[in-house]
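> Take this structure first; my questions come after.
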Amino acid sequence: MKRSFKIAMGLGVPIVLVLAIVAPYAFPLHDPDALSLEASLNKSAVLPGQTITVTVSEQNKLPRTNELPWVANWRIQNLSMGPCIFLTRYPFGVALYQGGYTAENVSTAKSIAIYSPSLFYFCPLLLPANSFRLGPLQSVKDSVELKGYWTQGLTYQPKGGVSEGILHPFVPGRYTLAAGDQWGHLVLRHFTILAP
């Protein structure tokens with residue numbers, strides 16, 4: 001009887017050891033401080049009418065899965081990676097401001113429209129989720145092109161037809177791009193539109 005108990009105990013030790021090693025990685029953490037939000041611009045100065053590409057990325061710095069609830073704790077408003085503001089794949093977005101701003105005063109500025117004001121976008125159908133999951137050391141990114149600012153009105157197409165919104169080239173001066181996520185992280189980048 002004692003011998004069979006020792007054998008059973010001996011078989012249990014490897015299983016307990018494996019569980020002790022695997023368990024911390026099997027269950028996700030919920031740590032917004034383990035995220036790294038980055039934003040980059042392909043150019044820091046362009047002429048009016050030229051395009052600036054903005055790339056935003058978010059990385060989980062943990063060697064474990066990080067699952068975060070959607071909390072909508074934006075430090076500034078109107079952040080998105082496209083016109084379908086409520087149907088985004090990622091929990092981050094951008095906004096653009098004319099002038100030079102800092103993290104302390106950008107929330108008081110008024111953003112300029114970087115997407116057409118059209119009412120008819122074919123936005124993807126995304127199922128609602130209540131959390132965002134990043135695997136161990138996983139990074140996600142998305143890009144948007146800035147070509148100018150939009151106002152209300154109609155644009156007549158060269159080959160016929162009309163589209164909503166009028167795209168204007170950025171006027172010369174300094175601009176502040178804000179990138180932020182749902183957990184309050186904020187990154188600012190600046191670029192200049194040169195006088196022609």
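Following the order of the structure tokens, chains are lettered A, B, ..., residues in each are numbered from 1, and ligands are numbered from 1.
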List every residue of stretch 31-161 of chain A that DSSP, applied to the backbone, labels as helix (DSSP H, G or I), and write the result as JSON, numbers by chain.
{"A": [32, 33, 34, 106, 107, 108]}
> Could you pull the residues within 12 Å of stretch 35-40 of chain A, counting only C-alpha atoms, minus those fewer than 4 positions along the same chain, as a PyMOL selection string?
chain A and resi 29-31+44+52-68+90-95+132-145+176-191
> I need the residues in stretch 120-168 of chain A that are strand (DSSP E or B) according to DSSP; give them as a list in words.
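Across stretch 120-168 of chain A, those assigned strand (DSSP E or B) are Ser131, Phe132, Arg133, Leu134, Ser139, Val140, Lys141, Asp142, Ser143, Val144, Glu145, Leu146, Tyr149, Trp150, Thr151, Gln152, Gly153, Leu154, Thr155, Tyr156, Val162, Ser163, Glu164, Gly165, Ile166, Leu167 and His168 of chain A.
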> Which is closer to A:Gly82 than all the others in A:Thr155, A:Lys147, A:Ile114, A:Pro196, using only C-alpha atoms?
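Of A:Thr155, A:Lys147, A:Ile114, A:Pro196, the one nearest A:Gly82 is A:Ile114, counting only C-alpha atoms.
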> How many Å lie between atom CA of A:Cys84 and atom CA of A:Val71, rounded to one decimal?
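Value for the atom CA of A:Cys84-atom CA of A:Val71 distance: 18.7 Å.
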